[in-house]
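S.K.: Right, I'll just put the structure down here and ask away after.
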2 protein chains.
Amino acid sequence: MKDVASAAGVALKTVSRVVNGEPGVHPATAERVRAAIDQLGYSRNESARVLRRGTTATIGLVIEDVADPFYSGLSRAVEAVVIDHGCLLLSGSSGEEPGRERELVETFCARRVDGLIVVPAGDDHTYLRPELEAGTPVVFADRPPGAGLDVDTVLADNAGGARHAVRHLLGYGHRRIAFLGDDAAIFTASERLRGYQEELGGLFDERLVSMRPPSEEAVRGDLGRMFALDDPPTALFTGNGRYTVTTLRALAGRRVALVGFDDFELADLLDPGVSVVAQDPAWMGRVAAELLFRRLRGDGGPPEHIELPVRLMVRGSGELPPSLPT
Amino acid sequence: MKDVASAAGVALKTVSRVVNGEPGVHPATAERVRAAIDQLGYSRNESARVLRRGTTATIGLVIEDVADPFYSGLSRAVEAVVIDHGCLLLSGSSGEEPGRERELVETFCARRVDGLIVVPAGDDHTYLRPELEAGTPVVFADRPPGAGLDVDTVLADNAGGARHAVRHLLGYGHRRIAFLGDDAAIFTASERLRGYQEELGGLFDERLVSMRPPSEEAVRGDLGRMFALDDPPTALFTGNGRYTVTTLRALAGRRVALVGFDDFELADLLDPGVSVVAQDPAWMGRVAAELLFRRLRGDGGPPEHIELPVRLMVRGSGELPPSLPT
DNA sequence: CAACCTCTTGACAACGTTGTCTACCTCGTC
DNA sequence: GACGAGGTAGACAACGTTGTCAAGAGGTTG
């Protein structure tokens with residue numbers, strides 16, 4: 001900028017004015033400055049600007065894994081809103097590790113992001129308190145913060161969706177419905193289990209519940225044990241997208257009624273089509289990002305807790321009758 | 001930091017030394033400083049640090065769309081390498097628009113990223129020349145830069161993969177093999193077309209080629225036209241993952257031999273399993289990121305042009321015999 | 001012609017760090 | 001006791017912007 005100024009024969013401040021489109025610069029002078037800028041290939045140093053102005057026009061996003069379609073969909077939607085507001089997005093994947101989540105959040109804060117959207121991996125977020133008190137808005141998405149922290153949250157209707165799925169299967173005559181899902185320490189998994197259990201009521205049987213990380217062998221083993229029972233399950237409810245796919249693979253073509261939580265590409269092309277309770281990750285991302293920008297514009301209302309509805313997609317697998325598997 | 005210094009009763013510089021773990025601070029003093037830091041909840045302002053040091057520890061990544069599994073896989077791998085090097089990742093999706101690609105790159109440069117990984121959308125990258133001359137390393141991934149620019153590039157063996165796919169289908173007796181792919185303006189699409197055409201040789205028939213954005217109606221229409229020919233195709237080669245899925249949907253269960261470019265989840269669970277030429281997006285991301293960091297460490301060798309091999313995954317759809325579709 | 005106003009421009013400080021240089025203290029050595 | 005070495009600490013400038021304030025030129029008004 002200094003070089004531009006001397007090249008154009010003006011003061012630093014005048015260049016600054018031209019770069020920022022501030023009024024009060026003579027058109028001819030502005031033109032001279034622009035010519036110098038072009039000639040020198042100058043581009044403003046944003047770090048200095050940030051230092052001076054105190055706002056970074058950067059949003060931090062912590063998700064679990066960009067490579068998971070649910071989070072990449074959410075990510076894309078957040079990115080779109082962020083760009084619309086003239087900001088940039090710093091993002092990172094926690095890989096479901098609370099330690100990494102915290103590291104990412106702290107690194108983002110050290111870089112003075114204007115706001116944060118977090119899909120938490122851990123359940124202790126007291127470390128966020130200083131940031132919150134410093135006025136950095138934070139929105140939790142997909143999962144709520146740990147105890148003791150009341151901040152903006154955007155969730156899906158996990159329990160309701162699970163209830164809906166179970167009700168659907170019950171409606172087709174199933175009485176033995178198994179649940180296969182992630183570790184109960186994960187909020188969404190335990191919420192879906194809760195919905196499942198509530199809707200089943202007296203039909204609930206803990207031998208039909210498997211909750212663990214979704215490895216194919218583990219799922220195959222648990223399914224084997226369940227099908228070996230005297231009264232085996234006639235239907236399955238899988239607790240998330242990865243689980244649904246893993247389960248389908250473990251079933252190896254065996255036709256069992258199944259409803260999954262989370263939609264996924266090609267669910268309609270399988271035989272039978274896979275019925276699912278679908279969330280809309282892009283919607284969630286958009287809502288979270290817009291809420292964040294509302295806060296950045298100064299909306300100081302009480303923390304909001306938004307719950308997005310989910311939708312049952314009927315495709316065939318959830319409408320199979322309760323015939324006993326071989 | 002000033003506050004910390006006065007709270008601990010030391011000079012600014014001493015706090016700086018403690019924060020950065022520099023030697024030459026008495027343990028007792030360091031302890032006092034750390035106590036003050038904890039008490040005040042101080043965290044270093046990275047913008048000021050960047051301004052002073054000139055290096056941002058930030059890498060920019062421009063891809064086409066995070067929500068596309070190919071790019072989200074690549075993204076995840078890049079992120080892992082970047083984090084391993086103690087840096088952060090700024091990322092953005094160009095949405096296949098050259099204008100947005102350029103905007104993103106320029107915004108990243110204004111923020112003084114230490115390096116860039118770009119999946120280009122356009123074919124004119126002369127706007128990058130100032131950055132390159134300023135010493136910012138740039139690695140192109142998946143697609144090469146436009147004419148006149150020779151920089152590090154990591155590509156897949158697009159033409160070779162296409163040849164392999166066509167050879168495979170020819171081996172099963174097919175003589176009428178159609179190509180459905182993206183617009184030829186996209187490098188990967190035209191390379192795959194080239195491989196297809198080379199391998200087909202005299203069997204090439206331009207009536208069996210459809211290149212356009214992958215909308216289901218368009219694909220359905222083109223397929224309809226091809227199947228209505230006197231000598232319709234008995235096999236299809238689809239030019240990328242999205243295309244494969246769209247084509248499968250448009251086929252609506254009709255059994256036609258098919259090999260796709262790009263692997264995708266559930267390809268093995270469809271009936272028949274979908275044979276594909278698989279790239280490894282994570283590998284590509286890792287290679288590109290590692291090359292970038294090698295440059296950042298000062299490797300000043302000539303630009304590298306890396307071509308990653310691809311692999312044919314045999315799953316059933318590519319091994320169907322050339323029976324005439326109904 | 002004085003007083004005032006507007007338009008354009010520039011000088012300067014400040015943002016929060018870190019690199020450089022210097023100063024002080026203590027210890028060991030001659 | 002003088003001297004140098006090594007360990008510890010601080011003063012100060014600089015990074016590249018932008019906000020504040022002031023100053024000069026030129027025009028208008030009474």
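Chain labels follow the order of the structure tokens: the first chain is A, the next B, and so on; residue numbering restarts at 1 in every chain, and ligands are counted from 1 in their shown order.
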What are the nearest atom pairs, with distances in Å to one decimal, for all residues of chain B that come at most 7 Å from chain A, using only C-alpha atoms, set out by chain and rising residue number as JSON lines?
M.R.:
```
{"residue": "B:Gly41", "atom": "CA", "partner": "A:Pro130", "partner_atom": "CA", "distance": 6.7}
{"residue": "B:Ser43", "atom": "CA", "partner": "A:Ala110", "partner_atom": "CA", "distance": 6.0}
{"residue": "B:Arg44", "atom": "CA", "partner": "A:Ala110", "partner_atom": "CA", "distance": 5.9}
{"residue": "B:Asn45", "atom": "CA", "partner": "A:Ala110", "partner_atom": "CA", "distance": 5.7}
{"residue": "B:Glu46", "atom": "CA", "partner": "A:Arg111", "partner_atom": "CA", "distance": 5.0}
{"residue": "B:Ser47", "atom": "CA", "partner": "A:Ser47", "partner_atom": "CA", "distance": 5.3}
{"residue": "B:Ala48", "atom": "CA", "partner": "A:Leu51", "partner_atom": "CA", "distance": 5.9}
{"residue": "B:Val50", "atom": "CA", "partner": "A:Ser47", "partner_atom": "CA", "distance": 6.6}
{"residue": "B:Leu51", "atom": "CA", "partner": "A:Ser47", "partner_atom": "CA", "distance": 5.7}
{"residue": "B:Val66", "atom": "CA", "partner": "A:Ser72", "partner_atom": "CA", "distance": 5.9}
{"residue": "B:Ala67", "atom": "CA", "partner": "A:Ser72", "partner_atom": "CA", "distance": 4.9}
{"residue": "B:Pro69", "atom": "CA", "partner": "A:Ala67", "partner_atom": "CA", "distance": 6.8}
{"residue": "B:Ser72", "atom": "CA", "partner": "A:Ala67", "partner_atom": "CA", "distance": 4.9}
{"residue": "B:Gly73", "atom": "CA", "partner": "A:Ala67", "partner_atom": "CA", "distance": 5.1}
{"residue": "B:Arg76", "atom": "CA", "partner": "A:Val66", "partner_atom": "CA", "distance": 5.9}
{"residue": "B:Leu89", "atom": "CA", "partner": "A:Leu90", "partner_atom": "CA", "distance": 6.1}
{"residue": "B:Leu90", "atom": "CA", "partner": "A:Leu90", "partner_atom": "CA", "distance": 4.8}
{"residue": "B:Ser91", "atom": "CA", "partner": "A:Leu89", "partner_atom": "CA", "distance": 6.5}
{"residue": "B:Ala110", "atom": "CA", "partner": "A:Asn45", "partner_atom": "CA", "distance": 5.6}
{"residue": "B:Arg111", "atom": "CA", "partner": "A:Glu46", "partner_atom": "CA", "distance": 4.9}
{"residue": "B:Pro130", "atom": "CA", "partner": "A:Gly41", "partner_atom": "CA", "distance": 6.6}
{"residue": "B:Leu270", "atom": "CA", "partner": "A:Leu270", "partner_atom": "CA", "distance": 5.6}
```
S.K.: So that I have them on file, write out the residues from the current selection with N, CA and C atoms, as a short mmCIF file (atom, residue, chain, number, x, y, z; two decimals), in the first residue's frame.
M.R.:
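For reference, result_29.cif as written:
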```
data_model
loop_
_atom_site.label_atom_id
_atom_site.label_comp_id
_atom_site.auth_asym_id
_atom_site.auth_seq_id
_atom_site.Cartn_x
_atom_site.Cartn_y
_atom_site.Cartn_z
N GLY B 41 -8.01 -15.33 31.13
CA GLY B 41 -8.56 -16.03 29.97
C GLY B 41 -7.99 -15.50 28.67
N SER B 43 -6.04 -15.21 25.22
CA SER B 43 -5.58 -16.08 24.13
C SER B 43 -4.96 -15.20 23.05
N ARG B 44 -3.87 -15.62 22.54
CA ARG B 44 -3.09 -14.81 21.62
C ARG B 44 -3.91 -14.39 20.40
N ASN B 45 -3.75 -13.19 19.96
CA ASN B 45 -4.43 -12.70 18.77
C ASN B 45 -3.61 -13.10 17.55
N GLU B 46 -4.14 -14.08 16.81
CA GLU B 46 -3.39 -14.62 15.68
C GLU B 46 -3.23 -13.60 14.55
N SER B 47 -4.18 -12.70 14.44
CA SER B 47 -4.08 -11.73 13.34
C SER B 47 -2.84 -10.88 13.52
N ALA B 48 -2.61 -10.44 14.73
CA ALA B 48 -1.45 -9.60 14.99
C ALA B 48 -0.17 -10.40 14.74
N VAL B 50 0.16 -12.91 12.73
CA VAL B 50 0.31 -13.08 11.30
C VAL B 50 0.90 -11.82 10.68
N LEU B 51 0.37 -10.69 11.10
CA LEU B 51 0.83 -9.42 10.55
C LEU B 51 2.33 -9.26 10.81
N VAL B 66 -18.37 -29.18 -1.92
CA VAL B 66 -18.12 -30.07 -0.78
C VAL B 66 -19.12 -31.18 -0.68
N ALA B 67 -20.32 -30.95 -1.19
CA ALA B 67 -21.37 -31.94 -0.99
C ALA B 67 -21.21 -33.11 -1.95
N PRO B 69 -19.40 -36.34 -3.01
CA PRO B 69 -18.57 -37.26 -2.23
C PRO B 69 -17.12 -37.29 -2.69
N SER B 72 -15.62 -34.18 -1.16
CA SER B 72 -15.58 -34.17 0.30
C SER B 72 -14.52 -35.16 0.78
N GLY B 73 -14.33 -36.24 0.05
CA GLY B 73 -13.26 -37.18 0.40
C GLY B 73 -11.89 -36.53 0.24
N ARG B 76 -11.38 -33.96 3.01
CA ARG B 76 -11.05 -34.54 4.31
C ARG B 76 -9.57 -34.90 4.38
N LEU B 89 -7.43 -24.77 7.55
CA LEU B 89 -7.88 -24.85 6.17
C LEU B 89 -9.05 -23.91 5.93
N LEU B 90 -8.88 -23.03 4.96
CA LEU B 90 -9.99 -22.22 4.48
C LEU B 90 -10.49 -22.91 3.23
N SER B 91 -11.79 -23.20 3.16
CA SER B 91 -12.22 -23.86 1.94
C SER B 91 -13.47 -23.24 1.36
N ALA B 110 -5.85 -12.57 -0.51
CA ALA B 110 -5.90 -11.34 0.29
C ALA B 110 -5.71 -11.67 1.76
N ARG B 111 -6.13 -12.86 2.14
CA ARG B 111 -5.93 -13.26 3.53
C ARG B 111 -4.56 -13.90 3.72
N PRO B 130 0.57 -13.21 -10.46
CA PRO B 130 1.20 -12.38 -9.41
C PRO B 130 1.46 -13.18 -8.13
N LEU B 270 -26.17 -52.71 -5.17
CA LEU B 270 -27.19 -52.68 -6.22
C LEU B 270 -27.20 -54.03 -6.92
#
```
S.K.: Pick out the residues sitting within 12 Å of DA22 (chain D), and hand them over as a PyMOL selection string; count only C-alpha atoms (C1' of nucleotides), and ignore anything fewer than 5 positions along from it in its own chain.
M.R.: chain C and resi 9-12
S.K.: Write a file of the selected residues as a PDB file, in the first residue's frame, keeping C-alpha atoms (C1' of nucleotides).
M.R.:
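Result written to again-v2.pdb:
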```
ATOM      1  C1'  DT C   9      -5.914  15.360   0.935  1.00  0.00           C
ATOM      2  C1'  DG C  10      -2.566  14.096   4.354  1.00  0.00           C
ATOM      3  C1'  DA C  11      -0.196  13.350   9.111  1.00  0.00           C
ATOM      4  C1'  DC C  12      -0.441  10.548  12.857  1.00  0.00           C
TER       5       DC C  12
END
```
S.K.: Here is a test: counting only C-alpha atoms (C1' of nucleotides), which residue of B:Met313, B:Arg53, B:Ser190, B:Tyr243 is nearest to DA14 (chain D)?
M.R.: B:Arg53
S.K.: I need the chain C residues near chain A as a PyMOL selection string; criterion: at most 8 Å, counting only C-alpha atoms (C1' of nucleotides).
M.R.: chain C and resi 7-10+14-16
S.K.: For C-alpha atoms (C1' of nucleotides), I'd like the residues from the last selection saved as a short mmCIF file (atom, residue, chain, number, x, y, z; two decimals), in the first residue's frame.
M.R.:
```cif
data_model
loop_
_atom_site.label_atom_id
_atom_site.label_comp_id
_atom_site.auth_asym_id
_atom_site.auth_seq_id
_atom_site.Cartn_x
_atom_site.Cartn_y
_atom_site.Cartn_z
"C1'" DC C 7 -14.18 19.16 -1.23
"C1'" DT C 8 -10.00 16.84 -1.21
"C1'" DT C 9 -5.91 15.36 0.93
"C1'" DG C 10 -2.57 14.10 4.35
"C1'" DA C 14 -3.37 2.76 17.14
"C1'" DC C 15 -4.58 -2.33 16.61
"C1'" DG C 16 -1.45 -6.76 19.23
#
```
S.K.: Any idea which chain D residues end up within 12 Å of chain B if we count only C-alpha atoms (C1' of nucleotides), as a ChimeraX atom specification please?
M.R.: /D:6-17
S.K.: Find the residues around Ile117 (chain A) up to 6 Å (only C-alpha atoms (C1' of nucleotides) counted), leave out those fewer than 3 positions away in its own chain, and share them as a ChimeraX atom specification.
M.R.: /A:61,138-140
S.K.: Only C-alpha atoms, please: the residues just picked out, written as a PDB file, in the first residue's frame.
M.R.:
```
ATOM      1  CA  LEU A  61     -17.378 -24.582  11.531  1.00  0.00           C
ATOM      2  CA  VAL A 138     -21.946 -19.823  18.962  1.00  0.00           C
ATOM      3  CA  VAL A 139     -24.619 -22.026  17.464  1.00  0.00           C
ATOM      4  CA  PHE A 140     -24.745 -25.744  18.149  1.00  0.00           C
TER       5      PHE A 140
END
```
S.K.: From a DSSP calculation on the backbone, collect every residue of region 184-261 of chain A in strand (DSSP E or B) and output the set as a ChimeraX atom specification.
M.R.: /A:209-211,235-238,257-261
S.K.: Using DSSP assignments from the backbone, pull out every residue in region 56-278 of chain B that falls under helix (DSSP H, G or I) and give it to me as JSON, numbers by chain.
M.R.: {"B": [69, 70, 71, 72, 73, 74, 75, 76, 77, 78, 79, 80, 81, 82, 83, 84, 98, 99, 100, 101, 102, 103, 104, 105, 106, 107, 108, 109, 110, 126, 127, 128, 129, 130, 131, 132, 133, 158, 159, 160, 161, 162, 163, 164, 165, 166, 167, 168, 169, 170, 171, 187, 188, 189, 190, 191, 192, 193, 194, 195, 196, 197, 198, 199, 200, 201, 202, 203, 206, 207, 208, 216, 217, 218, 219, 220, 221, 222, 223, 224, 225, 226, 227, 241, 242, 243, 244, 245, 246, 247, 248, 249, 250, 251]}
S.K.: Would you mind exporting C-alpha atoms of the selected residues as a CSV table (one decimal), in the first residue's frame?
M.R.:
```csv
chain,number,residue,atom,x,y,z
B,69,PRO,CA,-18.6,-37.3,-2.2
B,70,PHE,CA,-15.5,-37.1,-4.5
B,71,TYR,CA,-14.6,-33.7,-3.3
B,72,SER,CA,-15.6,-34.2,0.3
B,73,GLY,CA,-13.3,-37.2,0.4
B,74,LEU,CA,-10.5,-35.1,-1.1
B,75,SER,CA,-11.3,-32.3,1.3
B,76,ARG,CA,-11.0,-34.5,4.3
B,77,ALA,CA,-7.6,-35.8,3.3
B,78,VAL,CA,-6.3,-32.4,2.6
B,79,GLU,CA,-7.6,-31.3,6.0
B,80,ALA,CA,-5.9,-34.1,7.8
B,81,VAL,CA,-2.5,-33.2,6.2
B,82,VAL,CA,-3.0,-29.5,6.9
B,83,ILE,CA,-3.8,-30.1,10.5
B,84,ASP,CA,-0.8,-32.4,10.8
B,98,PRO,CA,-14.9,-19.8,-13.1
B,99,GLY,CA,-16.0,-16.5,-11.6
B,100,ARG,CA,-16.5,-17.9,-8.2
B,101,GLU,CA,-13.3,-19.9,-8.4
B,102,ARG,CA,-11.4,-16.7,-9.1
B,103,GLU,CA,-13.2,-14.8,-6.3
B,104,LEU,CA,-12.3,-17.5,-3.8
B,105,VAL,CA,-8.7,-17.7,-4.8
B,106,GLU,CA,-8.4,-13.9,-4.6
B,107,THR,CA,-10.1,-13.7,-1.3
B,108,PHE,CA,-7.8,-16.5,0.0
B,109,CYS,CA,-4.8,-14.6,-1.3
B,110,ALA,CA,-5.9,-11.3,0.3
B,126,THR,CA,-3.3,-16.1,-15.6
B,127,TYR,CA,-4.8,-14.1,-12.7
B,128,LEU,CA,-2.7,-16.4,-10.5
B,129,ARG,CA,0.6,-15.2,-11.9
B,130,PRO,CA,1.2,-12.4,-9.4
B,131,GLU,CA,0.7,-14.8,-6.5
B,132,LEU,CA,3.0,-17.4,-8.0
B,133,GLU,CA,5.6,-14.7,-8.6
B,158,ASN,CA,-8.6,-40.3,-16.7
B,159,ALA,CA,-7.9,-41.4,-20.3
B,160,GLY,CA,-6.2,-44.6,-19.1
B,161,GLY,CA,-9.2,-45.5,-16.8
B,162,ALA,CA,-11.6,-44.9,-19.7
B,163,ARG,CA,-9.6,-47.1,-22.0
B,164,HIS,CA,-9.5,-49.7,-19.3
B,165,ALA,CA,-13.3,-49.6,-18.9
B,166,VAL,CA,-13.9,-49.8,-22.7
B,167,ARG,CA,-11.4,-52.6,-23.1
B,168,HIS,CA,-13.2,-54.5,-20.4
B,169,LEU,CA,-16.6,-54.1,-22.1
B,170,LEU,CA,-15.1,-55.0,-25.5
B,171,GLY,CA,-13.7,-58.2,-23.8
B,187,PHE,CA,-11.1,-31.5,-18.4
B,188,THR,CA,-11.9,-34.9,-16.8
B,189,ALA,CA,-14.9,-35.4,-19.1
B,190,SER,CA,-12.9,-34.7,-22.2
B,191,GLU,CA,-10.0,-36.9,-21.1
B,192,ARG,CA,-12.3,-39.7,-20.4
B,193,LEU,CA,-14.0,-39.2,-23.8
B,194,ARG,CA,-10.6,-39.3,-25.4
B,195,GLY,CA,-9.7,-42.6,-23.7
B,196,TYR,CA,-13.0,-44.0,-24.7
B,197,GLN,CA,-12.6,-43.0,-28.3
B,198,GLU,CA,-9.0,-44.1,-28.6
B,199,GLU,CA,-9.8,-47.6,-27.3
B,200,LEU,CA,-12.9,-47.9,-29.4
B,201,GLY,CA,-11.0,-47.0,-32.6
B,202,GLY,CA,-13.1,-47.8,-35.6
B,203,LEU,CA,-16.1,-48.8,-33.5
B,206,GLU,CA,-20.7,-40.2,-32.3
B,207,ARG,CA,-24.4,-41.0,-32.1
B,208,LEU,CA,-23.5,-43.0,-29.0
B,216,GLU,CA,-32.2,-37.0,-15.2
B,217,GLU,CA,-34.5,-35.9,-18.0
B,218,ALA,CA,-31.6,-35.1,-20.3
B,219,VAL,CA,-30.0,-38.5,-19.7
B,220,ARG,CA,-33.3,-40.2,-20.1
B,221,GLY,CA,-33.9,-38.5,-23.4
B,222,ASP,CA,-30.4,-39.3,-24.7
B,223,LEU,CA,-30.7,-42.9,-23.7
B,224,GLY,CA,-34.1,-43.1,-25.4
B,225,ARG,CA,-32.6,-41.8,-28.6
B,226,MET,CA,-29.7,-44.2,-28.5
B,227,PHE,CA,-31.8,-47.2,-27.8
B,241,GLY,CA,-20.1,-40.7,-10.3
B,242,ARG,CA,-23.1,-38.4,-10.5
B,243,TYR,CA,-23.6,-39.5,-14.1
B,244,THR,CA,-23.5,-43.1,-13.2
B,245,VAL,CA,-26.2,-42.6,-10.5
B,246,THR,CA,-28.3,-40.5,-12.8
B,247,THR,CA,-28.0,-43.1,-15.6
B,248,LEU,CA,-29.0,-45.9,-13.2
B,249,ARG,CA,-32.0,-44.0,-12.2
B,250,ALA,CA,-32.9,-43.2,-15.8
B,251,LEU,CA,-32.6,-46.9,-16.7
```
S.K.: When you look at region 231-239 of chain A with a cut-off of 6 Å (counting only C-alpha atoms (C1' of nucleotides)), what residues show up, excluding the ones that are within fewer than 5 positions of it in the same chain? I need them as a list in words.
M.R.: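 Skipping anything fewer than 5 positions along the chain leaves Arg176, Ile177, Ala178, Phe179, Leu180, Gly181, Met226, Thr244, Val256, Ala257, Leu258, Val259, Gly260, Phe261 and Pro322 of chain A.
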S.K.: Those residues you just picked out, can you put them in a file as a compact mmCIF listing (two decimals), in the first residue's frame with N, CA and C atoms?
M.R.:
```txt
# COMPACT_ATOMS: atom_id res chain seq x y z
N ARG A 176 -41.75 -57.41 16.77
CA ARG A 176 -40.35 -57.59 17.19
C ARG A 176 -39.49 -56.69 16.29
N ILE A 177 -39.21 -55.53 16.80
CA ILE A 177 -38.46 -54.54 16.01
C ILE A 177 -37.13 -54.26 16.70
N ALA A 178 -36.04 -54.50 16.00
CA ALA A 178 -34.72 -54.28 16.60
C ALA A 178 -34.22 -52.87 16.33
N PHE A 179 -33.36 -52.40 17.21
CA PHE A 179 -32.72 -51.10 17.03
C PHE A 179 -31.22 -51.30 16.91
N LEU A 180 -30.64 -50.80 15.84
CA LEU A 180 -29.18 -50.84 15.70
C LEU A 180 -28.70 -49.41 15.54
N GLY A 181 -27.87 -48.98 16.48
CA GLY A 181 -27.45 -47.58 16.40
C GLY A 181 -26.10 -47.36 17.02
N MET A 226 -29.38 -61.80 17.33
CA MET A 226 -30.82 -61.46 17.41
C MET A 226 -31.66 -62.47 16.63
N THR A 244 -27.36 -47.75 8.56
CA THR A 244 -28.28 -48.36 7.61
C THR A 244 -27.49 -49.09 6.54
N VAL A 256 -35.50 -58.30 5.07
CA VAL A 256 -36.10 -58.03 6.37
C VAL A 256 -36.64 -56.61 6.31
N ALA A 257 -37.80 -56.41 6.93
CA ALA A 257 -38.33 -55.04 6.96
C ALA A 257 -37.31 -54.13 7.63
N LEU A 258 -37.14 -52.93 7.07
CA LEU A 258 -36.13 -52.02 7.63
C LEU A 258 -36.51 -50.57 7.37
N VAL A 259 -36.40 -49.78 8.40
CA VAL A 259 -36.49 -48.32 8.25
C VAL A 259 -35.22 -47.74 8.83
N GLY A 260 -34.60 -46.82 8.12
CA GLY A 260 -33.37 -46.21 8.61
C GLY A 260 -33.59 -44.75 8.99
N PHE A 261 -32.73 -44.27 9.86
CA PHE A 261 -32.74 -42.83 10.12
C PHE A 261 -31.69 -42.23 9.20
N PRO A 322 -44.18 -59.00 8.25
CA PRO A 322 -43.36 -59.69 9.24
C PRO A 322 -43.25 -61.18 9.01
```
S.K.: Using only C-alpha atoms (C1' of nucleotides), which protein or nucleic acid residues come within 12 Å of Arg294 (chain A)? Drop anything in the same chain fewer than 3 positions from it, and give the result as a list in words.
M.R.: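 Residues meeting the cut-off are Val81, Val82, His85, Gly115, Pro137, Val138, Val139, Asp152, Val287, Ala288, Ala289, Glu290, Leu291, Arg297, Gly298, Asp299, Gly300, Gly301, Pro303 and Glu304 of chain A.
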S.K.: Between CA of Val19 (chain B) and C1' of DT26 (chain C), what is the spacing in Å?
M.R.: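 So the answer is 26.1 Å.
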S.K.: Give me, please, the distance in Å between CA of Leu149 (chain B) and CA of Asp123 (chain B), quoted to one decimal.
M.R.: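 Between CA of Leu149 (chain B) and CA of Asp123 (chain B) the gap is 10.3 Å.
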